[in-house]
Structures are given as C-alpha cells and as structure tokens.
>>> print(open('structure.csv').read())   # CSV, N, CA, C and O atoms
chain,number,residue,atom,x,y,z
W,1,MET,N,-10.3,14.3,14.5
W,1,MET,CA,-10.6,13.1,13.8
W,1,MET,C,-9.6,12.0,14.3
W,1,MET,O,-8.4,12.3,14.5
W,2,ARG,N,-10.1,10.8,14.5
W,2,ARG,CA,-9.3,9.7,15.0
W,2,ARG,C,-8.5,9.1,13.9
W,2,ARG,O,-9.0,9.1,12.7
W,3,TYR,N,-7.4,8.5,14.2
W,3,TYR,CA,-6.6,7.9,13.1
W,3,TYR,C,-7.3,6.9,12.3
W,3,TYR,O,-7.1,6.8,11.1
W,4,ASN,N,-8.1,6.0,12.9
W,4,ASN,CA,-8.8,5.0,12.1
W,4,ASN,C,-9.8,5.6,11.1
W,4,ASN,O,-9.9,5.1,10.0
W,5,GLU,N,-10.4,6.7,11.5
W,5,GLU,CA,-11.3,7.4,10.5
W,5,GLU,C,-10.5,8.1,9.4
W,5,GLU,O,-10.9,8.1,8.3
W,6,ARG,N,-9.3,8.6,9.8
W,6,ARG,CA,-8.4,9.3,8.8
W,6,ARG,C,-7.9,8.3,7.8
W,6,ARG,O,-7.9,8.6,6.6
W,7,ILE,N,-7.4,7.1,8.2
W,7,ILE,CA,-6.9,6.2,7.3
W,7,ILE,C,-7.9,5.7,6.3
W,7,ILE,O,-7.7,5.4,5.1
W,8,ARG,N,-9.2,5.6,6.8
W,8,ARG,CA,-10.3,5.2,5.9
W,8,ARG,C,-10.6,6.3,4.9
W,8,ARG,O,-10.7,6.0,3.7
W,9,GLU,N,-10.6,7.5,5.4
W,9,GLU,CA,-10.9,8.6,4.5
W,9,GLU,C,-9.9,8.8,3.4
W,9,GLU,O,-10.2,8.9,2.2
W,10,ILE,N,-8.6,8.7,3.8
W,10,ILE,CA,-7.5,8.8,2.8
W,10,ILE,C,-7.6,7.7,1.8
W,10,ILE,O,-7.4,7.9,0.6
W,11,ARG,N,-7.8,6.4,2.3
W,11,ARG,CA,-7.9,5.3,1.3
W,11,ARG,C,-9.0,5.5,0.3
W,11,ARG,O,-8.8,5.3,-0.9
W,12,GLU,N,-10.2,5.9,0.8
W,12,GLU,CA,-11.3,6.2,-0.1
W,12,GLU,C,-11.0,7.3,-1.1
W,12,GLU,O,-11.5,7.3,-2.2
W,13,ASP,N,-10.3,8.3,-0.6
W,13,ASP,CA,-10.0,9.5,-1.5
W,13,ASP,C,-9.1,9.0,-2.6
W,13,ASP,O,-9.1,9.6,-3.7
W,14,HIS,N,-8.3,8.0,-2.4
W,14,HIS,CA,-7.4,7.4,-3.4
W,14,HIS,C,-8.1,6.3,-4.2
W,14,HIS,O,-7.4,5.6,-5.0
W,15,PHE,N,-9.3,6.0,-3.9
W,15,PHE,CA,-10.1,5.0,-4.6
W,15,PHE,C,-9.4,3.6,-4.5
W,15,PHE,O,-9.4,2.8,-5.5
W,16,LEU,N,-8.9,3.3,-3.3
W,16,LEU,CA,-8.3,2.0,-3.1
W,16,LEU,C,-9.2,1.1,-2.2
W,16,LEU,O,-10.0,1.6,-1.4
W,17,THR,N,-9.1,-0.2,-2.4
W,17,THR,CA,-9.8,-1.1,-1.6
W,17,THR,C,-9.0,-1.4,-0.4
W,17,THR,O,-7.8,-1.2,-0.3
W,18,GLN,N,-9.7,-2.0,0.6
W,18,GLN,CA,-8.9,-2.4,1.8
W,18,GLN,C,-7.9,-3.5,1.5
W,18,GLN,O,-6.8,-3.5,2.0
W,19,GLN,N,-8.2,-4.3,0.5
W,19,GLN,CA,-7.3,-5.4,0.1
W,19,GLN,C,-6.0,-4.8,-0.5
W,19,GLN,O,-4.9,-5.3,-0.2
W,20,LYS,N,-6.1,-3.7,-1.3
W,20,LYS,CA,-4.9,-3.1,-1.9
W,20,LYS,C,-4.0,-2.6,-0.8
W,20,LYS,O,-2.8,-2.7,-0.9
W,21,VAL,N,-4.6,-1.9,0.2
W,21,VAL,CA,-3.8,-1.3,1.2
W,21,VAL,C,-3.2,-2.4,2.1
W,21,VAL,O,-2.1,-2.4,2.5
W,22,ALA,N,-4.0,-3.4,2.4
W,22,ALA,CA,-3.5,-4.6,3.2
W,22,ALA,C,-2.3,-5.2,2.5
W,22,ALA,O,-1.3,-5.6,3.1
W,23,ASP,N,-2.4,-5.4,1.1
W,23,ASP,CA,-1.3,-5.9,0.4
W,23,ASP,C,0.0,-5.0,0.5
W,23,ASP,O,1.1,-5.6,0.7
W,24,LEU,N,-0.2,-3.7,0.5
W,24,LEU,CA,0.9,-2.8,0.7
W,24,LEU,C,1.6,-3.0,2.1
W,24,LEU,O,2.8,-3.0,2.2
W,25,LEU,N,0.8,-3.3,3.1
W,25,LEU,CA,1.3,-3.5,4.4
W,25,LEU,C,1.7,-5.0,4.7
W,25,LEU,O,2.1,-5.3,5.8
W,26,HIS,N,1.4,-5.8,3.8
W,26,HIS,CA,1.7,-7.3,3.9
W,26,HIS,C,0.9,-7.9,5.1
W,26,HIS,O,1.5,-8.6,5.9
W,27,ILE,N,-0.4,-7.6,5.1
W,27,ILE,CA,-1.3,-8.1,6.1
W,27,ILE,C,-2.5,-8.6,5.4
W,27,ILE,O,-2.7,-8.3,4.3
W,28,GLY,N,-3.4,-9.2,6.2
W,28,GLY,CA,-4.7,-9.6,5.6
W,28,GLY,C,-5.7,-8.5,5.6
W,28,GLY,O,-5.6,-7.5,6.3
W,29,GLN,N,-6.6,-8.6,4.7
W,29,GLN,CA,-7.7,-7.6,4.5
W,29,GLN,C,-8.5,-7.4,5.8
W,29,GLN,O,-8.8,-6.3,6.2
W,30,ARG,N,-8.8,-8.5,6.5
W,30,ARG,CA,-9.5,-8.5,7.8
W,30,ARG,C,-8.8,-7.7,8.8
W,30,ARG,O,-9.3,-6.9,9.6
W,31,THR,N,-7.4,-7.9,8.9
W,31,THR,CA,-6.6,-7.1,9.8
W,31,THR,C,-6.7,-5.7,9.5
W,31,THR,O,-6.9,-4.8,10.4
W,32,TYR,N,-6.6,-5.3,8.2
W,32,TYR,CA,-6.7,-3.9,7.9
W,32,TYR,C,-8.1,-3.3,8.2
W,32,TYR,O,-8.2,-2.2,8.7
W,33,ALA,N,-9.1,-4.1,7.9
W,33,ALA,CA,-10.5,-3.7,8.3
W,33,ALA,C,-10.6,-3.4,9.8
W,33,ALA,O,-11.3,-2.4,10.2
W,34,ASP,N,-9.9,-4.2,10.6
W,34,ASP,CA,-9.9,-4.0,12.0
W,34,ASP,C,-9.2,-2.7,12.4
W,34,ASP,O,-9.6,-2.0,13.4
W,35,TYR,N,-8.2,-2.3,11.7
W,35,TYR,CA,-7.5,-1.0,11.9
W,35,TYR,C,-8.5,0.1,11.6
W,35,TYR,O,-8.6,1.0,12.4
W,36,GLU,N,-9.2,0.0,10.5
W,36,GLU,CA,-10.1,1.1,10.1
W,36,GLU,C,-11.3,1.2,11.1
W,36,GLU,O,-11.8,2.3,11.3
W,37,SER,N,-11.7,0.1,11.6
W,37,SER,CA,-12.9,0.1,12.5
W,37,SER,C,-12.5,0.5,13.9
W,37,SER,O,-13.4,0.8,14.7
W,38,GLY,N,-11.2,0.5,14.2
W,38,GLY,CA,-10.8,0.8,15.5
W,38,GLY,C,-10.7,-0.4,16.5
W,38,GLY,O,-10.4,-0.2,17.6
W,39,LYS,N,-11.0,-1.5,15.9
W,39,LYS,CA,-11.0,-2.8,16.7
W,39,LYS,C,-9.6,-3.1,17.1
W,39,LYS,O,-9.4,-3.6,18.2
W,40,THR,N,-8.6,-2.9,16.3
W,40,THR,CA,-7.2,-3.2,16.5
W,40,THR,C,-6.4,-1.9,16.2
W,40,THR,O,-6.7,-1.2,15.2
W,41,ARG,N,-5.4,-1.7,17.1
W,41,ARG,CA,-4.6,-0.5,16.8
W,41,ARG,C,-3.6,-0.8,15.7
W,41,ARG,O,-3.0,-1.9,15.7
W,42,ILE,N,-3.4,0.1,14.9
W,42,ILE,CA,-2.4,0.0,13.8
W,42,ILE,C,-1.0,0.2,14.3
W,42,ILE,O,-0.8,1.2,15.0
W,43,PRO,N,0.0,-0.6,14.0
W,43,PRO,CA,1.3,-0.4,14.4
W,43,PRO,C,1.9,0.9,13.8
W,43,PRO,O,1.6,1.3,12.7
W,44,VAL,N,2.8,1.5,14.6
W,44,VAL,CA,3.4,2.7,14.1
W,44,VAL,C,4.2,2.5,12.8
W,44,VAL,O,4.1,3.4,11.9
W,45,ASP,N,4.9,1.4,12.6
W,45,ASP,CA,5.6,1.2,11.4
W,45,ASP,C,4.6,1.1,10.2
W,45,ASP,O,4.9,1.6,9.1
W,46,SER,N,3.4,0.6,10.4
W,46,SER,CA,2.4,0.6,9.3
W,46,SER,C,1.9,2.0,9.0
W,46,SER,O,1.7,2.4,7.9
W,47,LEU,N,1.7,2.8,10.1
W,47,LEU,CA,1.3,4.2,9.9
W,47,LEU,C,2.4,5.0,9.1
W,47,LEU,O,2.1,5.8,8.2
W,48,LEU,N,3.7,4.7,9.3
W,48,LEU,CA,4.7,5.3,8.6
W,48,LEU,C,4.7,5.0,7.1
W,48,LEU,O,4.9,5.8,6.2
W,49,ILE,N,4.4,3.7,6.8
W,49,ILE,CA,4.3,3.2,5.5
W,49,ILE,C,3.2,3.9,4.8
W,49,ILE,O,3.3,4.4,3.6
W,50,LEU,N,2.0,4.0,5.4
W,50,LEU,CA,0.9,4.7,4.8
W,50,LEU,C,1.1,6.2,4.6
W,50,LEU,O,0.7,6.7,3.6
W,51,ALA,N,1.7,6.8,5.6
W,51,ALA,CA,2.0,8.3,5.5
W,51,ALA,C,2.9,8.5,4.3
W,51,ALA,O,2.6,9.4,3.5
W,52,GLU,N,3.9,7.7,4.1
W,52,GLU,CA,4.8,7.9,2.9
W,52,GLU,C,4.1,7.5,1.6
W,52,GLU,O,4.2,8.3,0.7
W,53,PHE,N,3.3,6.5,1.6
W,53,PHE,CA,2.6,6.1,0.4
W,53,PHE,C,1.6,7.2,0.0
W,53,PHE,O,1.5,7.5,-1.2
W,54,TYR,N,0.9,7.7,0.9
W,54,TYR,CA,-0.1,8.8,0.6
W,54,TYR,C,0.5,10.2,0.5
W,54,TYR,O,-0.2,11.1,0.2
W,55,ASN,N,1.8,10.3,0.9
W,55,ASN,CA,2.5,11.5,0.9
W,55,ASN,C,1.8,12.6,1.8
W,55,ASN,O,1.6,13.7,1.4
W,56,VAL,N,1.6,12.1,3.0
W,56,VAL,CA,1.0,13.0,4.1
W,56,VAL,C,1.8,12.9,5.3
W,56,VAL,O,2.5,11.9,5.6
W,57,SER,N,1.8,13.9,6.2
W,57,SER,CA,2.6,13.9,7.4
W,57,SER,C,2.0,12.9,8.4
W,57,SER,O,0.8,12.5,8.3
W,58,MET,N,2.8,12.5,9.4
W,58,MET,CA,2.3,11.6,10.4
W,58,MET,C,1.2,12.3,11.3
W,58,MET,O,0.3,11.7,11.7
W,59,ASP,N,1.4,13.7,11.5
W,59,ASP,CA,0.4,14.4,12.2
W,59,ASP,C,-1.0,14.3,11.5
W,59,ASP,O,-2.0,14.2,12.2
W,60,TYR,N,-1.0,14.4,10.2
W,60,TYR,CA,-2.2,14.4,9.5
W,60,TYR,C,-2.8,13.0,9.5
W,60,TYR,O,-4.0,12.8,9.8
W,61,ILE,N,-2.0,11.9,9.2
W,61,ILE,CA,-2.6,10.6,9.1
W,61,ILE,C,-3.1,10.1,10.5
W,61,ILE,O,-4.0,9.3,10.6
W,62,THR,N,-2.5,10.6,11.6
W,62,THR,CA,-2.9,10.2,12.9
W,62,THR,C,-4.1,11.0,13.4
W,62,THR,O,-4.6,10.7,14.5
W,63,GLY,N,-4.4,12.1,12.7
W,63,GLY,CA,-5.5,12.9,13.2
W,63,GLY,C,-5.1,14.0,14.1
W,63,GLY,O,-5.9,14.7,14.7
W,64,ALA,N,-3.8,14.1,14.4
W,64,ALA,CA,-3.3,15.1,15.3
W,64,ALA,C,-3.4,16.5,14.7
W,64,ALA,O,-3.5,17.5,15.4
W,65,SER,N,-3.5,16.6,13.4
W,65,SER,CA,-3.6,17.8,12.7
W,65,SER,C,-4.5,17.7,11.5
W,65,SER,O,-4.6,16.6,10.9
W,66,ASN,N,-5.2,18.7,11.1
W,66,ASN,CA,-6.0,18.7,9.9
W,66,ASN,C,-5.2,19.4,8.7
W,66,ASN,O,-5.8,19.5,7.6
W,67,ASN,N,-4.0,19.8,9.0
W,67,ASN,CA,-3.1,20.4,8.0
W,67,ASN,C,-2.5,19.3,7.1
W,67,ASN,O,-1.7,18.5,7.6
W,68,LYS,N,-2.9,19.2,5.9
W,68,LYS,CA,-2.5,18.1,5.0
W,68,LYS,C,-1.1,18.4,4.4
W,68,LYS,O,-0.9,18.6,3.2
W,69,SER,N,-0.1,18.4,5.3
W,69,SER,CA,1.3,18.6,4.8
W,69,SER,C,1.9,17.4,4.3
W,69,SER,O,1.4,16.3,4.6
W,70,GLU,N,2.9,17.5,3.4
W,70,GLU,CA,3.5,16.4,2.8
W,70,GLU,C,4.4,15.6,3.7
W,70,GLU,O,4.9,16.1,4.7
W,71,TYR,N,4.6,14.3,3.4
W,71,TYR,CA,5.6,13.5,4.1
W,71,TYR,C,7.0,14.0,3.9
W,71,TYR,O,7.3,14.5,2.8
W,72,PRO,N,7.8,14.1,5.0
W,72,PRO,CA,9.1,14.7,4.9
W,72,PRO,C,10.0,13.9,3.8
W,72,PRO,O,9.9,12.7,3.8
W,73,LYS,N,10.7,14.7,3.1
W,73,LYS,CA,11.6,14.1,2.1
W,73,LYS,C,12.8,13.5,2.8
W,73,LYS,O,13.3,14.0,3.8
W,74,LYS,N,13.3,12.4,2.3
W,74,LYS,CA,14.5,11.8,2.9
W,74,LYS,C,15.8,12.3,2.3
W,74,LYS,O,15.9,12.9,1.3
>>> encode(input="structure.csv", output="structure tokens")
Amino acid sequence: MRYNERIREIREDHFLTQQKVADLLHIGQRTYADYESGKTRIPVDSLLILAEFYNVSMDYITGASNNKSEYPKK
C-alpha cells in the first residue's frame, strides 16, 4: 500500500475529516487532500506528526509494512 492510501485509510478509521488533520498539521485542507490523492508528496516531518498522533510506526504509515506496531515511546 502506498503512503497516500495509508494516511487516508487511517484518517477514515479514526472518523476524522481532512480539515481536522490539516489543522493538526497547520496546513490547508486542499494541501492535505493533495497528500491523500498523491498529487503532492507529504513532508517527512508531517508523516512523523501523523504517526505519533495515530500511534503507529513510520513503517506502517508509509506503507513499508502492514504490521501495525505502535509509535516508539520517547
């Protein structure tokens, strides 16, 4: 699975709108929609924020793994 598909899947699993996630990332809803559609690449720092927010590993959120492990504790 590609990361843009994964971030959409996770957002929908949490019953969040694109606007809510965009607010979390301090970006516009249209920009976030472009991330999910694959039109624009999401910055790594935004992926880190989402991984921590959803409590999933970077491997999972990027689609490198289907193992839904937790975000590392600090």
>>> residues_around(input="structure.csv", residues="Ala51 in chain W", least_positions_apart="5", cutoff="8 Å", atoms="all atoms listed in the file", output="PDB file with N, CA, C and O atoms, in the coordinates of the input")
ATOM      1  N   VAL W  44       2.800   1.500  14.600  1.00  0.00           N
ATOM      2  CA  VAL W  44       3.400   2.700  14.100  1.00  0.00           C
ATOM      3  C   VAL W  44       4.200   2.500  12.800  1.00  0.00           C
ATOM      4  O   VAL W  44       4.100   3.400  11.900  1.00  0.00           O
ATOM      5  N   ASP W  45       4.900   1.400  12.600  1.00  0.00           N
ATOM      6  CA  ASP W  45       5.600   1.200  11.400  1.00  0.00           C
ATOM      7  C   ASP W  45       4.600   1.100  10.200  1.00  0.00           C
ATOM      8  O   ASP W  45       4.900   1.600   9.100  1.00  0.00           O
ATOM      9  N   SER W  46       3.400   0.600  10.400  1.00  0.00           N
ATOM     10  CA  SER W  46       2.400   0.600   9.300  1.00  0.00           C
ATOM     11  C   SER W  46       1.900   2.000   9.000  1.00  0.00           C
ATOM     12  O   SER W  46       1.700   2.400   7.900  1.00  0.00           O
ATOM     13  N   VAL W  56       1.600  12.100   3.000  1.00  0.00           N
ATOM     14  CA  VAL W  56       1.000  13.000   4.100  1.00  0.00           C
ATOM     15  C   VAL W  56       1.800  12.900   5.300  1.00  0.00           C
ATOM     16  O   VAL W  56       2.500  11.900   5.600  1.00  0.00           O
ATOM     17  N   SER W  57       1.800  13.900   6.200  1.00  0.00           N
ATOM     18  CA  SER W  57       2.600  13.900   7.400  1.00  0.00           C
ATOM     19  C   SER W  57       2.000  12.900   8.400  1.00  0.00           C
ATOM     20  O   SER W  57       0.800  12.500   8.300  1.00  0.00           O
ATOM     21  N   MET W  58       2.800  12.500   9.400  1.00  0.00           N
ATOM     22  CA  MET W  58       2.300  11.600  10.400  1.00  0.00           C
ATOM     23  C   MET W  58       1.200  12.300  11.300  1.00  0.00           C
ATOM     24  O   MET W  58       0.300  11.700  11.700  1.00  0.00           O
ATOM     25  N   TYR W  60      -1.000  14.400  10.200  1.00  0.00           N
ATOM     26  CA  TYR W  60      -2.200  14.400   9.500  1.00  0.00           C
ATOM     27  C   TYR W  60      -2.800  13.000   9.500  1.00  0.00           C
ATOM     28  O   TYR W  60      -4.000  12.800   9.800  1.00  0.00           O
ATOM     29  N   ILE W  61      -2.000  11.900   9.200  1.00  0.00           N
ATOM     30  CA  ILE W  61      -2.600  10.600   9.100  1.00  0.00           C
ATOM     31  C   ILE W  61      -3.100  10.100  10.500  1.00  0.00           C
ATOM     32  O   ILE W  61      -4.000   9.300  10.600  1.00  0.00           O
ATOM     33  N   THR W  62      -2.500  10.600  11.600  1.00  0.00           N
ATOM     34  CA  THR W  62      -2.900  10.200  12.900  1.00  0.00           C
ATOM     35  C   THR W  62      -4.100  11.000  13.400  1.00  0.00           C
ATOM     36  O   THR W  62      -4.600  10.700  14.500  1.00  0.00           O
ATOM     37  N   SER W  69      -0.100  18.400   5.300  1.00  0.00           N
ATOM     38  CA  SER W  69       1.300  18.600   4.800  1.00  0.00           C
ATOM     39  C   SER W  69       1.900  17.400   4.300  1.00  0.00           C
ATOM     40  O   SER W  69       1.400  16.300   4.600  1.00  0.00           O
ATOM     41  N   GLU W  70       2.900  17.500   3.400  1.00  0.00           N
ATOM     42  CA  GLU W  70       3.500  16.400   2.800  1.00  0.00           C
ATOM     43  C   GLU W  70       4.400  15.600   3.700  1.00  0.00           C
ATOM     44  O   GLU W  70       4.900  16.100   4.700  1.00  0.00           O
ATOM     45  N   TYR W  71       4.600  14.300   3.400  1.00  0.00           N
ATOM     46  CA  TYR W  71       5.600  13.500   4.100  1.00  0.00           C
ATOM     47  C   TYR W  71       7.000  14.000   3.900  1.00  0.00           C
ATOM     48  O   TYR W  71       7.300  14.500   2.800  1.00  0.00           O
ATOM     49  N   PRO W  72       7.800  14.100   5.000  1.00  0.00           N
ATOM     50  CA  PRO W  72       9.100  14.700   4.900  1.00  0.00           C
ATOM     51  C   PRO W  72      10.000  13.900   3.800  1.00  0.00           C
ATOM     52  O   PRO W  72       9.900  12.700   3.800  1.00  0.00           O
TER      53      PRO W  72
END
>>> atom_distance(input="structure.csv", atom1="atom N of Gln18 in chain W", atom2="atom O of Asn4 in chain W")
11.8 Å
>>> select_by_dssp(input="structure.csv", residues="range 5-70 of chain W", states="alpha helix (DSSP H)", output="PyMOL selection string")
chain W and resi 5-13+18-25+29-37+44-54+58-62
>>> atom_distance(input="structure.csv", atom1="atom C of Ile10 in chain W", atom2="atom N of Gly38 in chain W")
14.8 Å
>>> residues_near_point(input="structure.csv", point="(-9.7, 16.8, 14.0)", cutoff="8 Å", atoms="all atoms listed in the file", output="list in words")
Met1, Arg2, Thr62, Gly63, Ala64, Ser65 and Asn66 of chain W
>>> atom_distance(input="structure.csv", atom1="atom C of Glu5 in chain W", atom2="atom C of His26 in chain W")
20.1 Å
>>> residues_around(input="structure.csv", residues="Ile42 in chain W", least_positions_apart="5", cutoff="12 Å", atoms="only C-alpha atoms", output="list in words")
Arg2, Tyr3, Asn4, Ile7, Ala22, Leu25, Ile27, Thr31, Tyr32, Ala33, Asp34, Tyr35, Glu36, Ser37, Leu47, Leu48, Ile49, Leu50, Ile61 and Thr62 of chain W
>>> closest_residue(input="structure.csv", among="W:Lys74, W:Arg41, W:Arg30, W:Lys68", to="Tyr54 in chain W", atoms="only C-alpha atoms")
W:Lys68
